[in-house]
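*Asks:* I'd like to ask some things about the structure below.
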Amino acid sequence: MAVKAQNYQNTWESLDKRPIPAWFENAKFGILVCWGPYSVPSWRRLEARKFGSYAEWYYASVMDNESNGGKAFHEANYGKDFEYRQFAPLFRAELWDPDRWARVFKDAGARYVVLTAKYHDGYSLWPTKVPHKKDWNSMNVGPKRDLVGDLTKAVRNAGLKMGLYYSIPDWESVPLSNGEYQINQKAVDKYGVDLKTYVNEICNPQLKELVLNYKPSVIFADAGEWTYDDEFWKTKELLSWLYNDSPVKDEIVVNDRFFKGMPGKHGDYASSEYADVEVGSRPWEESRGMGGSYGYNRTENLHDYQSSEQLIHELIDVVSRGGNMLLNVGPTADGRIPVIQQQRLHDIGQWLKTNGEAIYNTRKHSVAGIKSAGQQLYFTSKNNDLYCIFTRWHDSVEVDWATGNDVKNVSLLGYDGGITWRITEGNKLTVEIPKITIEKIPCLHAWSLKIERHKTE
């Protein structure tokens, strides 16, 4: 009702007053899908530095790069004169089943999905009407189908929210200040347009086209923060239309990467990437791949991926600090989710079946996490209940801060037996962990205590 009651003006003072729709902070766990022509080569040499293994940057950081072996790889496998755009006809998605994807995401416990409708390479995963993209979209070259539309339908049929990622600049048209992200000048001259044309005839028209045609619940903008301000990108005009007049004005949420200087200051939520920003008091979301890349990278092997336990612990940590976790899936060019990624999603989903009560619809507690008795404890809250998620199955769990006489009952999610607990000196809550066999343990990787408290007037 608060969202509907406002008429937001074309100023940051007005736009920043919009409350974020509650569904987003309740969802806690989403899936990002990074998929496009870069999924054909799906290669980048792994580097230890942060962001150094992004295979989706093949156009800008691999195929012409001598220092990381990308140029040699490209010429050896595709030929010296093979352009990046020639990957699009090979991006066929011939094995793609959007309904299967949606089932995998739902079974993983995700509440929303975000698809890269357009990445930095400018390729559009829908039949855009923008004439500059006539020969650079999924209906006319490659899969010959509307990937955005087909996945949107499948995801919504599965009962999940659907969001769209959109790269504000294209490498072919928008020069970037950091040379690492600059493509070959020949491609810029051949395929790019001038900046004014790009903003007025590609970027903003496509964003409105996506909203009007697919009605996303999320717009995850990216790379606008690399260069140019809000006046250049006309961000205030776009957001005032989204919040006032668009068909998704009551449920849309947008992140903070539309223009230079926006991160952490404007937008409905702040977005971090592999924990690259400090999180403040605003709603926020952490995105990351299961390994070091978002796009599928064939050079990544088993030990380059986070384990299921590590990913579950990261989800718990993010939620305990009040955030959402957006975990990336990088499909193959033919439309398959790699089995190792499916396995990680399956394990997360199994854990959430038992512990979802401690994750979904919760909020950050005054104490997010503490070290106790050789393990990490994480805390979330919901109404009058407190949840303590612990990561090691020890004999007991001790919570040594102000619980005291407020505690009414303690239970272990997924366990039907009784739990012994007591309040000791200093208002310390001590919970005895039951001695049970592995066959009867509620789940693996982490466990959740529900601490019910007496209601206070």
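Residue numbering restarts at 1 for every chain of the structure tokens, chains are lettered A, B, ... in their displayed order, and ligands are numbered from 1 as they appear.
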With only C-alpha atoms counted and 12 Å as the cut-off, give the residues of region 145-174 of chain A in contact with region 238-257 of chain A, each with its shortest interatomic distance in Å and the pair that gives it, as a tab-separated table.
*Replies:*
```
residue	atom	partner	partner_atom	distance
A:Lys161	CA	A:Glu251	CA	10.1
A:Met162	CA	A:Ile252	CA	10.3
A:Gly163	CA	A:Ile252	CA	8.9
A:Leu164	CA	A:Val254	CA	9.9
A:Tyr165	CA	A:Val254	CA	9.9
A:Tyr166	CA	A:Arg257	CA	10.1
A:Ser167	CA	A:Arg257	CA	9.2
A:Ile168	CA	A:Arg257	CA	8.4
A:Pro169	CA	A:Arg257	CA	11.0
```
*Asks:* For region 104-118 of chain A, list every protein, DNA or RNA residue within 7 Å, evaluated using only C-alpha atoms, and leave out those in the same chain fewer than 5 positions away; present the list as a ChimeraX atom specification.
*Replies:* /A:27,29-35,123-125,148,158,160-167,345-346,348-349,352
*Asks:* Could you please take those selected residues and save N, CA and C atoms as a CSV table (one decimal), in the first residue's frame?
*Replies:*
```csv
chain,number,residue,atom,x,y,z
A,27,ALA,N,12.4,-13.1,0.2
A,27,ALA,CA,12.8,-14.2,-0.7
A,27,ALA,C,14.1,-14.8,-0.3
A,29,PHE,N,16.8,-16.0,-1.4
A,29,PHE,CA,17.6,-16.8,-2.3
A,29,PHE,C,17.1,-16.8,-3.7
A,30,GLY,N,18.0,-16.4,-4.6
A,30,GLY,CA,17.7,-16.3,-6.0
A,30,GLY,C,18.7,-17.0,-6.9
A,31,ILE,N,18.4,-17.2,-8.1
A,31,ILE,CA,19.3,-17.8,-9.1
A,31,ILE,C,19.6,-16.8,-10.2
A,32,LEU,N,20.8,-16.5,-10.5
A,32,LEU,CA,21.2,-15.7,-11.7
A,32,LEU,C,21.7,-16.7,-12.8
A,33,VAL,N,21.2,-16.5,-14.0
A,33,VAL,CA,21.6,-17.3,-15.1
A,33,VAL,C,22.4,-16.5,-16.1
A,34,CYS,N,23.7,-16.8,-16.3
A,34,CYS,CA,24.6,-16.1,-17.2
A,34,CYS,C,24.8,-16.9,-18.4
A,35,TRP,N,24.2,-16.5,-19.5
A,35,TRP,CA,24.1,-17.3,-20.7
A,35,TRP,C,24.1,-16.5,-22.0
A,123,TYR,N,24.4,-8.8,-27.1
A,123,TYR,CA,23.5,-9.8,-27.7
A,123,TYR,C,22.2,-9.9,-26.9
A,124,SER,N,21.1,-9.8,-27.5
A,124,SER,CA,19.8,-9.8,-26.8
A,124,SER,C,19.2,-11.2,-26.9
A,125,LEU,N,18.7,-11.7,-25.7
A,125,LEU,CA,18.1,-13.0,-25.6
A,125,LEU,C,16.6,-13.0,-25.8
A,148,VAL,N,14.2,-15.2,-23.3
A,148,VAL,CA,13.6,-14.5,-22.2
A,148,VAL,C,12.2,-14.9,-22.0
A,158,ALA,N,6.3,-22.2,-12.4
A,158,ALA,CA,6.8,-22.9,-11.2
A,158,ALA,C,6.5,-22.1,-9.9
A,160,LEU,N,7.7,-19.0,-9.2
A,160,LEU,CA,8.8,-18.1,-8.8
A,160,LEU,C,8.7,-16.8,-9.4
A,161,LYS,N,9.4,-15.8,-8.9
A,161,LYS,CA,9.5,-14.5,-9.4
A,161,LYS,C,10.5,-14.5,-10.6
A,162,MET,N,10.3,-13.7,-11.6
A,162,MET,CA,11.3,-13.6,-12.7
A,162,MET,C,11.9,-12.3,-12.8
A,163,GLY,N,13.2,-12.2,-12.9
A,163,GLY,CA,13.9,-11.0,-13.1
A,163,GLY,C,14.8,-11.0,-14.3
A,164,LEU,N,15.2,-9.8,-14.7
A,164,LEU,CA,16.1,-9.7,-15.9
A,164,LEU,C,17.3,-8.8,-15.6
A,165,TYR,N,18.5,-9.4,-16.0
A,165,TYR,CA,19.7,-8.7,-15.9
A,165,TYR,C,19.9,-7.9,-17.3
A,166,TYR,N,20.3,-6.6,-17.2
A,166,TYR,CA,20.6,-5.9,-18.4
A,166,TYR,C,21.8,-5.1,-18.2
A,167,SER,N,22.8,-5.3,-19.1
A,167,SER,CA,24.0,-4.5,-19.1
A,167,SER,C,23.7,-3.1,-19.7
A,345,LEU,N,23.0,-27.1,-6.4
A,345,LEU,CA,21.6,-26.6,-6.2
A,345,LEU,C,20.7,-27.7,-5.5
A,346,HIS,N,20.9,-28.9,-5.8
A,346,HIS,CA,20.1,-30.0,-5.1
A,346,HIS,C,20.4,-30.0,-3.6
A,348,ILE,N,21.6,-27.6,-1.8
A,348,ILE,CA,21.1,-26.4,-1.1
A,348,ILE,C,19.6,-26.5,-0.9
A,349,GLY,N,18.9,-27.1,-1.9
A,349,GLY,CA,17.5,-27.3,-1.8
A,349,GLY,C,17.1,-28.2,-0.7
A,352,LEU,N,17.5,-26.4,2.6
A,352,LEU,CA,16.4,-25.4,2.8
A,352,LEU,C,15.1,-26.1,3.1
```
*Asks:* Pick out the closest residue to Gln343 (chain A) from this set: A:Ser307, A:Asn328, A:Thr152, A:Gln376. Count only C-alpha atoms.
*Replies:* A:Ser307
*Asks:* DSSP on the backbone, strand (DSSP E) only: what residues of region 129-351 of chain A does that give? Format it as number ranges by chain.
*Replies:* A: 161-167, 218-222, 253-254, 270-273, 284-288, 323-329
*Asks:* Name the closest residue to Gly291 (chain A) among the candidates A:Pro263, A:Gly52, A:Gly356, A:Pro19; distances are taken between atoms, counting only C-alpha atoms.
*Replies:*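 Result for the nearest residue to Gly291 (chain A): A:Gly52.
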*Asks:* I'd like the neighbourhood of Asp64 (chain A) as a PyMOL selection string, where a residue qualifies if any of its atoms comes within 12 Å (using only C-alpha atoms), though same-chain residues fewer than 4 positions away should be ignored.
*Replies:* chain A and resi 44+57-60+68-75+79-84+180-187
*Asks:* Would you mind exporting N, CA and C atoms of the selected residues as a PDB file, in the first residue's frame?
*Replies:*
```
ATOM      1  N   ARG A  44      38.310 -19.427 -20.241  1.00  0.00           N
ATOM      2  CA  ARG A  44      39.229 -18.390 -19.792  1.00  0.00           C
ATOM      3  C   ARG A  44      40.179 -19.026 -18.791  1.00  0.00           C
ATOM      4  N   TRP A  57      33.563 -12.693 -20.165  1.00  0.00           N
ATOM      5  CA  TRP A  57      34.280 -11.544 -20.720  1.00  0.00           C
ATOM      6  C   TRP A  57      35.129 -11.947 -21.926  1.00  0.00           C
ATOM      7  N   TYR A  58      34.810 -13.045 -22.555  1.00  0.00           N
ATOM      8  CA  TYR A  58      35.626 -13.557 -23.662  1.00  0.00           C
ATOM      9  C   TYR A  58      35.859 -12.493 -24.736  1.00  0.00           C
ATOM     10  N   TYR A  59      34.838 -11.735 -25.068  1.00  0.00           N
ATOM     11  CA  TYR A  59      34.926 -10.707 -26.112  1.00  0.00           C
ATOM     12  C   TYR A  59      35.978  -9.656 -25.767  1.00  0.00           C
ATOM     13  N   ALA A  60      35.980  -9.213 -24.519  1.00  0.00           N
ATOM     14  CA  ALA A  60      36.832  -8.084 -24.135  1.00  0.00           C
ATOM     15  C   ALA A  60      38.145  -8.490 -23.488  1.00  0.00           C
ATOM     16  N   ASN A  68      47.146 -13.470 -21.107  1.00  0.00           N
ATOM     17  CA  ASN A  68      46.513 -14.582 -20.392  1.00  0.00           C
ATOM     18  C   ASN A  68      46.290 -15.810 -21.281  1.00  0.00           C
ATOM     19  N   GLY A  69      46.908 -15.805 -22.454  1.00  0.00           N
ATOM     20  CA  GLY A  69      46.805 -16.952 -23.346  1.00  0.00           C
ATOM     21  C   GLY A  69      45.539 -17.004 -24.164  1.00  0.00           C
ATOM     22  N   GLY A  70      44.674 -16.000 -24.012  1.00  0.00           N
ATOM     23  CA  GLY A  70      43.401 -16.015 -24.708  1.00  0.00           C
ATOM     24  C   GLY A  70      43.527 -15.910 -26.213  1.00  0.00           C
ATOM     25  N   LYS A  71      44.402 -15.058 -26.685  1.00  0.00           N
ATOM     26  CA  LYS A  71      44.566 -14.881 -28.122  1.00  0.00           C
ATOM     27  C   LYS A  71      45.063 -16.165 -28.772  1.00  0.00           C
ATOM     28  N   ALA A  72      46.040 -16.813 -28.144  1.00  0.00           N
ATOM     29  CA  ALA A  72      46.561 -18.071 -28.677  1.00  0.00           C
ATOM     30  C   ALA A  72      45.472 -19.143 -28.699  1.00  0.00           C
ATOM     31  N   PHE A  73      44.675 -19.220 -27.633  1.00  0.00           N
ATOM     32  CA  PHE A  73      43.579 -20.188 -27.572  1.00  0.00           C
ATOM     33  C   PHE A  73      42.574 -19.925 -28.685  1.00  0.00           C
ATOM     34  N   HIS A  74      42.201 -18.661 -28.853  1.00  0.00           N
ATOM     35  CA  HIS A  74      41.180 -18.307 -29.839  1.00  0.00           C
ATOM     36  C   HIS A  74      41.652 -18.637 -31.258  1.00  0.00           C
ATOM     37  N   GLU A  75      42.854 -18.236 -31.573  1.00  0.00           N
ATOM     38  CA  GLU A  75      43.352 -18.464 -32.931  1.00  0.00           C
ATOM     39  C   GLU A  75      43.558 -19.946 -33.215  1.00  0.00           C
ATOM     40  N   GLY A  79      40.455 -19.694 -35.290  1.00  0.00           N
ATOM     41  CA  GLY A  79      41.062 -19.016 -36.423  1.00  0.00           C
ATOM     42  C   GLY A  79      41.332 -17.552 -36.147  1.00  0.00           C
ATOM     43  N   LYS A  80      42.349 -17.036 -36.799  1.00  0.00           N
ATOM     44  CA  LYS A  80      42.795 -15.659 -36.564  1.00  0.00           C
ATOM     45  C   LYS A  80      41.727 -14.635 -36.916  1.00  0.00           C
ATOM     46  N   ASP A  81      40.949 -14.906 -37.942  1.00  0.00           N
ATOM     47  CA  ASP A  81      39.963 -13.930 -38.418  1.00  0.00           C
ATOM     48  C   ASP A  81      38.550 -14.208 -37.913  1.00  0.00           C
ATOM     49  N   PHE A  82      38.412 -15.111 -36.965  1.00  0.00           N
ATOM     50  CA  PHE A  82      37.089 -15.467 -36.434  1.00  0.00           C
ATOM     51  C   PHE A  82      36.632 -14.375 -35.473  1.00  0.00           C
ATOM     52  N   GLU A  83      35.538 -13.691 -35.821  1.00  0.00           N
ATOM     53  CA  GLU A  83      34.999 -12.621 -34.984  1.00  0.00           C
ATOM     54  C   GLU A  83      34.161 -13.184 -33.839  1.00  0.00           C
ATOM     55  N   TYR A  84      34.032 -12.383 -32.784  1.00  0.00           N
ATOM     56  CA  TYR A  84      33.187 -12.806 -31.664  1.00  0.00           C
ATOM     57  C   TYR A  84      31.754 -13.040 -32.127  1.00  0.00           C
ATOM     58  N   GLU A 180      40.888  -3.006 -19.696  1.00  0.00           N
ATOM     59  CA  GLU A 180      40.662  -4.455 -19.637  1.00  0.00           C
ATOM     60  C   GLU A 180      39.321  -4.839 -20.235  1.00  0.00           C
ATOM     61  N   TYR A 181      38.373  -3.917 -20.210  1.00  0.00           N
ATOM     62  CA  TYR A 181      37.032  -4.209 -20.677  1.00  0.00           C
ATOM     63  C   TYR A 181      36.785  -3.678 -22.091  1.00  0.00           C
ATOM     64  N   GLN A 182      37.831  -3.319 -22.815  1.00  0.00           N
ATOM     65  CA  GLN A 182      37.691  -2.742 -24.142  1.00  0.00           C
ATOM     66  C   GLN A 182      37.908  -3.803 -25.206  1.00  0.00           C
ATOM     67  N   ILE A 183      36.990  -3.924 -26.157  1.00  0.00           N
ATOM     68  CA  ILE A 183      37.134  -4.903 -27.221  1.00  0.00           C
ATOM     69  C   ILE A 183      37.993  -4.324 -28.345  1.00  0.00           C
ATOM     70  N   ASN A 184      38.283  -5.169 -29.324  1.00  0.00           N
ATOM     71  CA  ASN A 184      39.085  -4.765 -30.475  1.00  0.00           C
ATOM     72  C   ASN A 184      38.442  -3.589 -31.194  1.00  0.00           C
ATOM     73  N   GLN A 185      39.234  -2.582 -31.551  1.00  0.00           N
ATOM     74  CA  GLN A 185      38.715  -1.378 -32.186  1.00  0.00           C
ATOM     75  C   GLN A 185      38.026  -1.680 -33.514  1.00  0.00           C
ATOM     76  N   LYS A 186      38.465  -2.726 -34.206  1.00  0.00           N
ATOM     77  CA  LYS A 186      37.818  -3.082 -35.461  1.00  0.00           C
ATOM     78  C   LYS A 186      36.350  -3.449 -35.238  1.00  0.00           C
ATOM     79  N   ALA A 187      36.073  -4.147 -34.136  1.00  0.00           N
ATOM     80  CA  ALA A 187      34.688  -4.522 -33.831  1.00  0.00           C
ATOM     81  C   ALA A 187      33.870  -3.291 -33.451  1.00  0.00           C
TER      82      ALA A 187
END
```
*Asks:* Find the spatial neighbours of Lys382 (chain A), counting only C-alpha atoms, within a cut-off of 8 Å - ignore same-chain residues fewer than 3 positions away - and output them as a VMD selection string.
*Replies:* chain A and resid 361 to 363 385 to 386
*Asks:* Kindly save the residues from that selection, with C-alpha atoms included, as a PDB file, in the first residue's frame.
*Replies:*
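Written file, selection_36.pdb:
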```pdb
ATOM      1  CA  ASN A 361      10.836 -14.126   5.552  1.00  0.00           C
ATOM      2  CA  THR A 362      13.413 -13.476   8.256  1.00  0.00           C
ATOM      3  CA  ARG A 363      15.215 -10.282   9.112  1.00  0.00           C
ATOM      4  CA  ASP A 385      11.130 -15.949  17.238  1.00  0.00           C
ATOM      5  CA  LEU A 386      14.899 -16.116  17.026  1.00  0.00           C
TER       6      LEU A 386
END
```
*Asks:* Can you tell me, as JSON, numbers by chain, which residues in region 22-188 of chain A count as helix (DSSP H, G or I) by DSSP?
*Replies:* {"A": [22, 23, 24, 25, 26, 27, 37, 38, 39, 55, 56, 57, 58, 59, 60, 61, 70, 71, 72, 73, 74, 75, 76, 77, 78, 84, 85, 86, 87, 88, 89, 90, 98, 99, 100, 101, 102, 103, 104, 105, 106, 107, 131, 132, 133, 147, 148, 149, 150, 151, 152, 153, 154, 155, 156, 157, 179, 180, 181, 185, 186, 187, 188]}
*Asks:* Please provide as a PDB file with C-alpha atoms, in the first residue's frame all residues within 8 Å of Tyr214 (chain A), with the sequence filter that same-chain residues fewer than 2 positions apart are discarded (counting only C-alpha atoms).
*Replies:*
```pdb
ATOM      1  CA  VAL A 148      13.613 -14.453 -22.198  1.00  0.00           C
ATOM      2  CA  GLY A 149       9.973 -15.187 -22.941  1.00  0.00           C
ATOM      3  CA  THR A 152       9.845 -16.224 -17.972  1.00  0.00           C
ATOM      4  CA  LEU A 210      11.672  -5.723 -21.542  1.00  0.00           C
ATOM      5  CA  VAL A 211       9.397  -4.257 -18.886  1.00  0.00           C
ATOM      6  CA  LEU A 212       6.381  -3.931 -21.179  1.00  0.00           C
ATOM      7  CA  PRO A 216       9.968  -8.589 -14.647  1.00  0.00           C
TER       8      PRO A 216
END
```
*Asks:* Using only C-alpha atoms, which residue out of A:Cys388, A:Val407, A:Met325, A:Ile436 lies closest to Arg453 (chain A)?
*Replies:*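 Going through A:Cys388, A:Val407, A:Met325, A:Ile436 one by one, the smallest distance to Arg453 (chain A) is for A:Val407.
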*Asks:* Could you please determine the separation between CA of Trp126 (chain A) and CA of Asp189 (chain A) in Å, to one decimal place?
*Replies:* 24.7 Å
*Asks:* Using only C-alpha atoms, can you tell me which of A:Asn7, A:Ser320, A:Ser396, A:Gln350 comes closest to Ile370 (chain A)?
*Replies:*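 Residue with the minimum atom-to-atom distance to Ile370 (chain A): A:Ser320.
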